[in-house]
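**Q** One file: start-v2.txt (compact mmCIF, N, CA and C atoms).
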```txt
# COMPACT_ATOMS: atom_id res chain seq x y z
N MET A 1 -10.73 -13.49 21.08
CA MET A 1 -10.13 -14.46 20.17
C MET A 1 -8.89 -13.83 19.52
N SER A 2 -7.82 -14.56 19.44
CA SER A 2 -6.60 -14.03 18.83
C SER A 2 -6.70 -14.15 17.31
N THR A 3 -5.94 -13.31 16.63
CA THR A 3 -5.92 -13.31 15.18
C THR A 3 -5.09 -14.49 14.70
N SER A 4 -5.57 -15.20 13.69
CA SER A 4 -4.86 -16.37 13.20
C SER A 4 -3.58 -15.98 12.45
N PHE A 5 -2.68 -16.93 12.33
CA PHE A 5 -1.46 -16.73 11.56
C PHE A 5 -1.80 -16.28 10.14
N TYR A 6 -2.80 -16.93 9.53
CA TYR A 6 -3.14 -16.63 8.14
C TYR A 6 -3.69 -15.21 8.00
N HIS A 7 -4.50 -14.78 8.95
CA HIS A 7 -5.04 -13.42 8.93
C HIS A 7 -3.89 -12.41 9.03
N THR A 8 -2.98 -12.64 9.96
CA THR A 8 -1.83 -11.75 10.15
C THR A 8 -0.94 -11.73 8.91
N GLU A 9 -0.67 -12.90 8.36
CA GLU A 9 0.21 -13.01 7.19
C GLU A 9 -0.42 -12.37 5.96
N LEU A 10 -1.71 -12.58 5.73
CA LEU A 10 -2.38 -11.97 4.58
C LEU A 10 -2.41 -10.46 4.73
N SER A 11 -2.67 -9.97 5.92
CA SER A 11 -2.66 -8.51 6.16
C SER A 11 -1.28 -7.93 5.89
N ARG A 12 -0.24 -8.61 6.37
CA ARG A 12 1.14 -8.14 6.17
C ARG A 12 1.49 -8.15 4.68
N ALA A 13 1.17 -9.24 3.99
CA ALA A 13 1.51 -9.36 2.57
C ALA A 13 0.83 -8.27 1.75
N LEU A 14 -0.45 -8.02 2.01
CA LEU A 14 -1.17 -6.99 1.26
C LEU A 14 -0.67 -5.59 1.62
N SER A 15 -0.34 -5.37 2.88
CA SER A 15 0.20 -4.07 3.29
C SER A 15 1.49 -3.76 2.54
N GLU A 16 2.33 -4.77 2.37
CA GLU A 16 3.60 -4.59 1.65
C GLU A 16 3.38 -4.29 0.17
N GLN A 17 2.23 -4.69 -0.37
CA GLN A 17 1.93 -4.48 -1.79
C GLN A 17 0.96 -3.32 -2.01
N ALA A 18 0.66 -2.56 -0.96
CA ALA A 18 -0.36 -1.51 -1.02
C ALA A 18 -0.08 -0.47 -2.10
N PHE A 19 1.20 -0.26 -2.46
CA PHE A 19 1.56 0.70 -3.51
C PHE A 19 0.88 0.37 -4.83
N GLY A 20 0.55 -0.89 -5.04
CA GLY A 20 -0.02 -1.32 -6.32
C GLY A 20 -1.47 -1.73 -6.24
N LEU A 21 -2.16 -1.35 -5.14
CA LEU A 21 -3.56 -1.71 -4.95
C LEU A 21 -4.38 -0.45 -4.69
N ALA A 22 -5.64 -0.46 -5.07
CA ALA A 22 -6.52 0.65 -4.75
C ALA A 22 -6.94 0.56 -3.28
N ARG A 23 -7.30 -0.65 -2.81
CA ARG A 23 -7.64 -0.86 -1.40
C ARG A 23 -7.73 -2.36 -1.14
N PHE A 24 -7.70 -2.71 0.14
CA PHE A 24 -7.93 -4.11 0.53
C PHE A 24 -8.51 -4.16 1.92
N ASP A 25 -9.29 -5.20 2.18
CA ASP A 25 -9.88 -5.44 3.48
C ASP A 25 -9.77 -6.93 3.78
N VAL A 26 -9.05 -7.27 4.86
CA VAL A 26 -8.98 -8.66 5.29
C VAL A 26 -10.18 -8.91 6.19
N TYR A 27 -10.94 -9.92 5.87
CA TYR A 27 -12.16 -10.22 6.62
C TYR A 27 -11.84 -10.75 8.00
N GLY A 28 -12.57 -10.27 8.99
CA GLY A 28 -12.51 -10.87 10.32
C GLY A 28 -13.31 -12.15 10.31
N GLY A 29 -13.06 -13.01 11.27
CA GLY A 29 -13.83 -14.23 11.39
C GLY A 29 -13.44 -15.33 10.44
N SER A 30 -12.33 -15.15 9.70
CA SER A 30 -11.85 -16.26 8.88
C SER A 30 -11.47 -17.40 9.82
N SER A 31 -11.46 -18.60 9.32
CA SER A 31 -11.12 -19.75 10.17
C SER A 31 -9.65 -19.67 10.58
N PRO A 32 -9.25 -20.43 11.59
CA PRO A 32 -7.83 -20.43 11.99
C PRO A 32 -6.91 -20.98 10.90
N HIS A 33 -7.50 -21.64 9.90
CA HIS A 33 -6.71 -22.31 8.87
C HIS A 33 -6.70 -21.57 7.53
N GLU A 34 -7.31 -20.38 7.51
CA GLU A 34 -7.30 -19.57 6.30
C GLU A 34 -7.72 -18.15 6.62
N ALA A 35 -7.43 -17.25 5.69
CA ALA A 35 -7.89 -15.87 5.79
C ALA A 35 -8.26 -15.40 4.39
N THR A 36 -9.26 -14.53 4.32
CA THR A 36 -9.74 -14.04 3.02
C THR A 36 -9.75 -12.52 3.03
N ALA A 37 -9.43 -11.95 1.87
CA ALA A 37 -9.44 -10.50 1.71
C ALA A 37 -10.15 -10.13 0.42
N SER A 38 -10.80 -8.99 0.47
CA SER A 38 -11.34 -8.36 -0.73
C SER A 38 -10.31 -7.33 -1.16
N VAL A 39 -9.87 -7.43 -2.42
CA VAL A 39 -8.81 -6.55 -2.92
C VAL A 39 -9.32 -5.83 -4.17
N THR A 40 -9.25 -4.50 -4.14
CA THR A 40 -9.62 -3.72 -5.31
C THR A 40 -8.33 -3.32 -6.03
N LEU A 41 -8.24 -3.76 -7.28
CA LEU A 41 -7.06 -3.47 -8.09
C LEU A 41 -7.09 -2.03 -8.58
N LEU A 42 -5.95 -1.54 -9.03
CA LEU A 42 -5.87 -0.17 -9.55
C LEU A 42 -6.81 0.02 -10.74
N GLU A 43 -7.09 -1.05 -11.47
CA GLU A 43 -8.00 -0.99 -12.61
C GLU A 43 -9.46 -0.86 -12.18
N GLY A 44 -9.73 -1.02 -10.87
CA GLY A 44 -11.10 -0.91 -10.36
C GLY A 44 -11.80 -2.23 -10.13
N LYS A 45 -11.23 -3.32 -10.61
CA LYS A 45 -11.82 -4.65 -10.42
C LYS A 45 -11.56 -5.13 -8.99
N THR A 46 -12.56 -5.77 -8.38
CA THR A 46 -12.40 -6.32 -7.04
C THR A 46 -12.28 -7.84 -7.14
N ILE A 47 -11.26 -8.39 -6.47
CA ILE A 47 -11.03 -9.83 -6.45
C ILE A 47 -11.03 -10.31 -5.00
N ARG A 48 -11.16 -11.62 -4.82
CA ARG A 48 -11.10 -12.22 -3.49
C ARG A 48 -9.85 -13.09 -3.43
N ILE A 49 -9.03 -12.87 -2.41
CA ILE A 49 -7.81 -13.66 -2.21
C ILE A 49 -7.94 -14.39 -0.89
N THR A 50 -7.70 -15.70 -0.92
CA THR A 50 -7.72 -16.51 0.30
C THR A 50 -6.33 -17.11 0.50
N LEU A 51 -5.80 -16.97 1.71
CA LEU A 51 -4.51 -17.57 2.05
C LEU A 51 -4.77 -18.81 2.89
N THR A 52 -4.21 -19.94 2.44
CA THR A 52 -4.27 -21.21 3.19
C THR A 52 -2.87 -21.81 3.20
N ALA A 53 -2.74 -23.00 3.75
CA ALA A 53 -1.45 -23.69 3.76
C ALA A 53 -0.99 -24.00 2.33
N ARG A 54 -1.91 -24.01 1.37
CA ARG A 54 -1.57 -24.30 -0.02
C ARG A 54 -1.04 -23.09 -0.76
N GLY A 55 -1.30 -21.88 -0.26
CA GLY A 55 -0.83 -20.67 -0.91
C GLY A 55 -1.92 -19.63 -1.01
N TYR A 56 -1.73 -18.70 -1.94
CA TYR A 56 -2.68 -17.60 -2.17
C TYR A 56 -3.63 -18.03 -3.28
N GLN A 57 -4.91 -18.09 -2.96
CA GLN A 57 -5.90 -18.56 -3.92
C GLN A 57 -6.73 -17.39 -4.44
N LEU A 58 -6.88 -17.32 -5.76
CA LEU A 58 -7.61 -16.24 -6.42
C LEU A 58 -9.05 -16.66 -6.65
N ASP A 59 -9.99 -15.95 -6.05
CA ASP A 59 -11.42 -16.16 -6.26
C ASP A 59 -11.81 -17.65 -6.20
N GLY A 60 -11.22 -18.40 -5.27
CA GLY A 60 -11.56 -19.81 -5.10
C GLY A 60 -11.09 -20.70 -6.22
N ASP A 61 -10.15 -20.22 -7.03
CA ASP A 61 -9.73 -20.97 -8.22
C ASP A 61 -8.22 -21.23 -8.20
N GLN A 62 -7.47 -20.48 -8.98
CA GLN A 62 -6.03 -20.69 -9.15
C GLN A 62 -5.25 -20.37 -7.87
N ILE A 63 -4.21 -21.18 -7.58
CA ILE A 63 -3.38 -20.98 -6.40
C ILE A 63 -1.99 -20.51 -6.81
N PHE A 64 -1.48 -19.52 -6.10
CA PHE A 64 -0.16 -18.94 -6.36
C PHE A 64 0.71 -19.11 -5.12
N GLU A 65 2.02 -19.26 -5.32
CA GLU A 65 2.94 -19.38 -4.20
C GLU A 65 3.18 -18.06 -3.50
N SER A 66 3.04 -16.95 -4.24
CA SER A 66 3.31 -15.63 -3.65
C SER A 66 2.20 -14.65 -3.99
N ILE A 67 2.03 -13.67 -3.13
CA ILE A 67 1.05 -12.61 -3.38
C ILE A 67 1.47 -11.79 -4.60
N GLU A 68 2.78 -11.61 -4.78
CA GLU A 68 3.28 -10.86 -5.93
C GLU A 68 2.91 -11.56 -7.23
N GLY A 69 3.10 -12.87 -7.27
CA GLY A 69 2.78 -13.64 -8.47
C GLY A 69 1.30 -13.55 -8.82
N LEU A 70 0.44 -13.63 -7.81
CA LEU A 70 -0.99 -13.52 -8.03
C LEU A 70 -1.33 -12.14 -8.59
N LEU A 71 -0.83 -11.10 -7.94
CA LEU A 71 -1.16 -9.73 -8.37
C LEU A 71 -0.60 -9.43 -9.76
N GLN A 72 0.59 -9.94 -10.07
CA GLN A 72 1.16 -9.73 -11.41
C GLN A 72 0.29 -10.40 -12.47
N ALA A 73 -0.31 -11.55 -12.13
CA ALA A 73 -1.14 -12.29 -13.09
C ALA A 73 -2.46 -11.59 -13.39
N VAL A 74 -2.96 -10.79 -12.46
CA VAL A 74 -4.30 -10.21 -12.64
C VAL A 74 -4.31 -8.70 -12.88
N SER A 75 -3.18 -8.02 -12.68
CA SER A 75 -3.20 -6.56 -12.76
C SER A 75 -1.96 -6.00 -13.44
N ALA A 76 -2.14 -5.52 -14.67
CA ALA A 76 -1.03 -4.88 -15.38
C ALA A 76 -0.61 -3.59 -14.66
N ALA A 77 -1.58 -2.89 -14.06
CA ALA A 77 -1.25 -1.64 -13.35
C ALA A 77 -0.41 -1.94 -12.11
N TYR A 78 -0.70 -3.05 -11.40
CA TYR A 78 0.12 -3.44 -10.25
C TYR A 78 1.56 -3.69 -10.72
N GLU A 79 1.70 -4.44 -11.81
CA GLU A 79 3.04 -4.76 -12.32
C GLU A 79 3.79 -3.48 -12.68
N GLY A 80 3.11 -2.52 -13.28
CA GLY A 80 3.75 -1.25 -13.62
C GLY A 80 4.21 -0.50 -12.38
N ARG A 81 3.37 -0.44 -11.36
CA ARG A 81 3.75 0.23 -10.11
C ARG A 81 4.89 -0.50 -9.41
N ARG A 82 4.87 -1.83 -9.45
CA ARG A 82 5.93 -2.63 -8.82
C ARG A 82 7.26 -2.34 -9.50
N ARG A 83 7.24 -2.26 -10.83
CA ARG A 83 8.47 -1.97 -11.58
C ARG A 83 8.96 -0.56 -11.26
N GLU A 84 8.06 0.40 -11.20
CA GLU A 84 8.45 1.78 -10.85
C GLU A 84 9.10 1.83 -9.47
N ALA A 85 8.51 1.12 -8.50
CA ALA A 85 9.05 1.11 -7.13
C ALA A 85 10.44 0.48 -7.11
N LEU A 86 10.61 -0.60 -7.87
CA LEU A 86 11.91 -1.28 -7.93
C LEU A 86 12.97 -0.36 -8.54
N PHE A 87 12.64 0.29 -9.67
CA PHE A 87 13.60 1.20 -10.30
C PHE A 87 13.93 2.38 -9.40
N SER A 88 12.94 2.87 -8.68
CA SER A 88 13.16 3.98 -7.75
C SER A 88 14.15 3.57 -6.66
N ARG A 89 13.97 2.35 -6.13
CA ARG A 89 14.91 1.87 -5.09
C ARG A 89 16.31 1.69 -5.66
N LEU A 90 16.39 1.17 -6.89
CA LEU A 90 17.70 0.98 -7.51
C LEU A 90 18.40 2.32 -7.75
N ARG A 91 17.65 3.33 -8.20
CA ARG A 91 18.25 4.66 -8.42
C ARG A 91 18.75 5.25 -7.11
N SER A 92 18.07 5.00 -6.03
CA SER A 92 18.48 5.58 -4.75
C SER A 92 19.76 4.94 -4.23
N LEU A 93 20.11 3.77 -4.75
CA LEU A 93 21.36 3.09 -4.34
C LEU A 93 22.57 3.66 -5.06
N SER A 94 22.36 4.27 -6.23
CA SER A 94 23.52 4.74 -7.00
C SER A 94 23.91 6.15 -6.65
```
Rewrite the structure from the file as structure tokens, please.
**A**
Amino acid sequence: MSTSFYHTELSRALSEQAFGLARFDVYGGSSPHEATASVTLLEGKTIRITLTARGYQLDGDQIFESIEGLLQAVSAAYEGRRREALFSRLRSLS
């Protein structure tokens, strides 16, 4: 069975944000119309993120347009790491 678009996209999105996460695992066997991951935040809390055509859904509740927006809403440590990475990239340009 081939990997669904949603599984591939959720894996890619979380990989790009790995600097601000403790760990993540995208579940195999998600339906072709969604993918779900278990994400452990830097604070140690584990959340469930599901990607569907509607967006990134947090623990079956709130929906976000972007993975960054979701992670910023739930993890101050992620936001701090994201800001550090951005400033580091900006310094390397000067």
**Q** Out of chain A, which residues get strand (DSSP E or B) from DSSP, as a ChimeraX atom specification?
**A** /A:21-26,35-41,46-52,55-58,63-64
**Q** Find the distance between atom N of Arg81 (chain A) and atom N of Gly20 (chain A) and write it in Å to one decimal.
**A**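 Rounded to one decimal, the two atoms are 6.9 Å apart.
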**Q** Can you list, as an NGL selection string, every protein, DNA or RNA residue that comes within 12 Å of Leu41 (chain A) when you count only C-alpha atoms, leaving out same-chain residues fewer than 4 positions away?
**A** :A and (14 or 17-24 or 45-49 or 70-79 or 81)
**Q** Using the selection just defined, write its residues with N, CA and C atoms as a PDB file, in the coordinates of the input.
**A**
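That gives us part_1.pdb:
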```pdb
ATOM      1  N   LEU A  14      -0.450  -8.020   2.010  1.00  0.00           N
ATOM      2  CA  LEU A  14      -1.170  -6.990   1.260  1.00  0.00           C
ATOM      3  C   LEU A  14      -0.670  -5.590   1.620  1.00  0.00           C
ATOM      4  N   GLN A  17       2.230  -4.690  -0.370  1.00  0.00           N
ATOM      5  CA  GLN A  17       1.930  -4.480  -1.790  1.00  0.00           C
ATOM      6  C   GLN A  17       0.960  -3.320  -2.010  1.00  0.00           C
ATOM      7  N   ALA A  18       0.660  -2.560  -0.960  1.00  0.00           N
ATOM      8  CA  ALA A  18      -0.360  -1.510  -1.020  1.00  0.00           C
ATOM      9  C   ALA A  18      -0.080  -0.470  -2.100  1.00  0.00           C
ATOM     10  N   PHE A  19       1.200  -0.260  -2.460  1.00  0.00           N
ATOM     11  CA  PHE A  19       1.560   0.700  -3.510  1.00  0.00           C
ATOM     12  C   PHE A  19       0.880   0.370  -4.830  1.00  0.00           C
ATOM     13  N   GLY A  20       0.550  -0.890  -5.040  1.00  0.00           N
ATOM     14  CA  GLY A  20      -0.020  -1.320  -6.320  1.00  0.00           C
ATOM     15  C   GLY A  20      -1.470  -1.730  -6.240  1.00  0.00           C
ATOM     16  N   LEU A  21      -2.160  -1.350  -5.140  1.00  0.00           N
ATOM     17  CA  LEU A  21      -3.560  -1.710  -4.950  1.00  0.00           C
ATOM     18  C   LEU A  21      -4.380  -0.450  -4.690  1.00  0.00           C
ATOM     19  N   ALA A  22      -5.640  -0.460  -5.070  1.00  0.00           N
ATOM     20  CA  ALA A  22      -6.520   0.650  -4.750  1.00  0.00           C
ATOM     21  C   ALA A  22      -6.940   0.560  -3.280  1.00  0.00           C
ATOM     22  N   ARG A  23      -7.300  -0.650  -2.810  1.00  0.00           N
ATOM     23  CA  ARG A  23      -7.640  -0.860  -1.400  1.00  0.00           C
ATOM     24  C   ARG A  23      -7.730  -2.360  -1.140  1.00  0.00           C
ATOM     25  N   PHE A  24      -7.700  -2.710   0.140  1.00  0.00           N
ATOM     26  CA  PHE A  24      -7.930  -4.110   0.530  1.00  0.00           C
ATOM     27  C   PHE A  24      -8.510  -4.160   1.920  1.00  0.00           C
ATOM     28  N   LYS A  45     -11.230  -3.320 -10.610  1.00  0.00           N
ATOM     29  CA  LYS A  45     -11.820  -4.650 -10.420  1.00  0.00           C
ATOM     30  C   LYS A  45     -11.560  -5.130  -8.990  1.00  0.00           C
ATOM     31  N   THR A  46     -12.560  -5.770  -8.380  1.00  0.00           N
ATOM     32  CA  THR A  46     -12.400  -6.320  -7.040  1.00  0.00           C
ATOM     33  C   THR A  46     -12.280  -7.840  -7.140  1.00  0.00           C
ATOM     34  N   ILE A  47     -11.260  -8.390  -6.470  1.00  0.00           N
ATOM     35  CA  ILE A  47     -11.030  -9.830  -6.450  1.00  0.00           C
ATOM     36  C   ILE A  47     -11.030 -10.310  -5.000  1.00  0.00           C
ATOM     37  N   ARG A  48     -11.160 -11.620  -4.820  1.00  0.00           N
ATOM     38  CA  ARG A  48     -11.100 -12.220  -3.490  1.00  0.00           C
ATOM     39  C   ARG A  48      -9.850 -13.090  -3.430  1.00  0.00           C
ATOM     40  N   ILE A  49      -9.030 -12.870  -2.410  1.00  0.00           N
ATOM     41  CA  ILE A  49      -7.810 -13.660  -2.210  1.00  0.00           C
ATOM     42  C   ILE A  49      -7.940 -14.390  -0.890  1.00  0.00           C
ATOM     43  N   LEU A  70       0.440 -13.630  -7.810  1.00  0.00           N
ATOM     44  CA  LEU A  70      -0.990 -13.520  -8.030  1.00  0.00           C
ATOM     45  C   LEU A  70      -1.330 -12.140  -8.590  1.00  0.00           C
ATOM     46  N   LEU A  71      -0.830 -11.100  -7.940  1.00  0.00           N
ATOM     47  CA  LEU A  71      -1.160  -9.730  -8.370  1.00  0.00           C
ATOM     48  C   LEU A  71      -0.600  -9.430  -9.760  1.00  0.00           C
ATOM     49  N   GLN A  72       0.590  -9.940 -10.070  1.00  0.00           N
ATOM     50  CA  GLN A  72       1.160  -9.730 -11.410  1.00  0.00           C
ATOM     51  C   GLN A  72       0.290 -10.400 -12.470  1.00  0.00           C
ATOM     52  N   ALA A  73      -0.310 -11.550 -12.130  1.00  0.00           N
ATOM     53  CA  ALA A  73      -1.140 -12.290 -13.090  1.00  0.00           C
ATOM     54  C   ALA A  73      -2.460 -11.590 -13.390  1.00  0.00           C
ATOM     55  N   VAL A  74      -2.960 -10.790 -12.460  1.00  0.00           N
ATOM     56  CA  VAL A  74      -4.300 -10.210 -12.640  1.00  0.00           C
ATOM     57  C   VAL A  74      -4.310  -8.700 -12.880  1.00  0.00           C
ATOM     58  N   SER A  75      -3.180  -8.020 -12.680  1.00  0.00           N
ATOM     59  CA  SER A  75      -3.200  -6.560 -12.760  1.00  0.00           C
ATOM     60  C   SER A  75      -1.960  -6.000 -13.440  1.00  0.00           C
ATOM     61  N   ALA A  76      -2.140  -5.520 -14.670  1.00  0.00           N
ATOM     62  CA  ALA A  76      -1.030  -4.880 -15.380  1.00  0.00           C
ATOM     63  C   ALA A  76      -0.610  -3.590 -14.660  1.00  0.00           C
ATOM     64  N   ALA A  77      -1.580  -2.890 -14.060  1.00  0.00           N
ATOM     65  CA  ALA A  77      -1.250  -1.640 -13.350  1.00  0.00           C
ATOM     66  C   ALA A  77      -0.410  -1.940 -12.110  1.00  0.00           C
ATOM     67  N   TYR A  78      -0.700  -3.050 -11.400  1.00  0.00           N
ATOM     68  CA  TYR A  78       0.120  -3.440 -10.250  1.00  0.00           C
ATOM     69  C   TYR A  78       1.560  -3.690 -10.720  1.00  0.00           C
ATOM     70  N   GLU A  79       1.700  -4.440 -11.810  1.00  0.00           N
ATOM     71  CA  GLU A  79       3.040  -4.760 -12.320  1.00  0.00           C
ATOM     72  C   GLU A  79       3.790  -3.480 -12.680  1.00  0.00           C
ATOM     73  N   ARG A  81       3.370  -0.440 -11.360  1.00  0.00           N
ATOM     74  CA  ARG A  81       3.750   0.230 -10.110  1.00  0.00           C
ATOM     75  C   ARG A  81       4.890  -0.500  -9.410  1.00  0.00           C
TER      76      ARG A  81
END
```
**Q** Neighbouring residues of Thr50 (chain A) were defined as those with any atom within 7 Å, considering all atoms listed in the file; residues of the same chain fewer than 4 positions away were excluded. Please report them as a compact mmCIF listing (two decimals) with N, CA and C atoms, in the frame of the given file.
**A**
```txt
# COMPACT_ATOMS: atom_id res chain seq x y z
N GLU A 34 -7.31 -20.38 7.51
CA GLU A 34 -7.30 -19.57 6.30
C GLU A 34 -7.72 -18.15 6.62
N ALA A 35 -7.43 -17.25 5.69
CA ALA A 35 -7.89 -15.87 5.79
C ALA A 35 -8.26 -15.40 4.39
N THR A 36 -9.26 -14.53 4.32
CA THR A 36 -9.74 -14.04 3.02
C THR A 36 -9.75 -12.52 3.03
N ALA A 37 -9.43 -11.95 1.87
CA ALA A 37 -9.44 -10.50 1.71
C ALA A 37 -10.15 -10.13 0.42
N GLY A 55 -1.30 -21.88 -0.26
CA GLY A 55 -0.83 -20.67 -0.91
C GLY A 55 -1.92 -19.63 -1.01
N TYR A 56 -1.73 -18.70 -1.94
CA TYR A 56 -2.68 -17.60 -2.17
C TYR A 56 -3.63 -18.03 -3.28
N GLN A 57 -4.91 -18.09 -2.96
CA GLN A 57 -5.90 -18.56 -3.92
C GLN A 57 -6.73 -17.39 -4.44
N LEU A 58 -6.88 -17.32 -5.76
CA LEU A 58 -7.61 -16.24 -6.42
C LEU A 58 -9.05 -16.66 -6.65
N ASP A 59 -9.99 -15.95 -6.05
CA ASP A 59 -11.42 -16.16 -6.26
C ASP A 59 -11.81 -17.65 -6.20
N GLY A 60 -11.22 -18.40 -5.27
CA GLY A 60 -11.56 -19.81 -5.10
C GLY A 60 -11.09 -20.70 -6.22
```
**Q** Could you state the separation of atom C of Gly80 (chain A) and CA of Thr8 (chain A) in Å, given to one decimal place?
**A**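 We find that atom C of Gly80 (chain A) and CA of Thr8 (chain A) lie 25.9 Å from each other.
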**Q** Expressed in Å to a single decimal, how great is the separation between CA of Leu90 (chain A) and CA of Ser11 (chain A)?
**A**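 Interatomic distance here is 26.3 Å.
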**Q** Quick one: residues within 8 Å of Ser31 (chain A), all atoms listed in the file counted, chain neighbours fewer than 6 positions away excluded, as a PyMOL selection string?
**A** chain A and resi 4-7
**Q** Would you put the residues from that selection into a file with N, CA and C atoms, as a PDB file, keeping the file's coordinate frame?
**A**
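Ended up saving to selection21.pdb:
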```pdb
ATOM      1  N   SER A   4      -5.570 -15.200  13.690  1.00  0.00           N
ATOM      2  CA  SER A   4      -4.860 -16.370  13.200  1.00  0.00           C
ATOM      3  C   SER A   4      -3.580 -15.980  12.450  1.00  0.00           C
ATOM      4  N   PHE A   5      -2.680 -16.930  12.330  1.00  0.00           N
ATOM      5  CA  PHE A   5      -1.460 -16.730  11.560  1.00  0.00           C
ATOM      6  C   PHE A   5      -1.800 -16.280  10.140  1.00  0.00           C
ATOM      7  N   TYR A   6      -2.800 -16.930   9.530  1.00  0.00           N
ATOM      8  CA  TYR A   6      -3.140 -16.630   8.140  1.00  0.00           C
ATOM      9  C   TYR A   6      -3.690 -15.210   8.000  1.00  0.00           C
ATOM     10  N   HIS A   7      -4.500 -14.780   8.950  1.00  0.00           N
ATOM     11  CA  HIS A   7      -5.040 -13.420   8.930  1.00  0.00           C
ATOM     12  C   HIS A   7      -3.890 -12.410   9.030  1.00  0.00           C
TER      13      HIS A   7
END
```
**Q** Return as lines of an AutoDock Vina configuration file the centre and edge lengths, in Å with one decimal, of the box along x, y and z that encloses every atom of region 3-6 of chain A in the file, padded by 6 Å per side.
**A**
```
center_x = -3.7
center_y = -15.1
center_z = 12.3
size_x = 16.5
size_y = 15.6
size_z = 20.6
```
**Q** Would you give me, as JSON, numbers by chain, the residues in chain A that DSSP reads as helix (DSSP H, G or I)?
**A** {"A": [5, 6, 7, 8, 9, 10, 11, 12, 13, 14, 15, 16, 18, 19, 20, 67, 68, 69, 70, 71, 72, 73, 74, 76, 77, 78, 79, 80, 81, 82, 83, 84, 85, 86, 87, 88, 89, 90, 91, 92, 93]}
**Q** Between A:Gln62, A:Ser92, A:Thr52, A:Thr40, which residue has the minimum interatomic distance to Leu10 (chain A), considering only C-alpha atoms?
**A**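 The closest residue to Leu10 (chain A) is A:Thr52.
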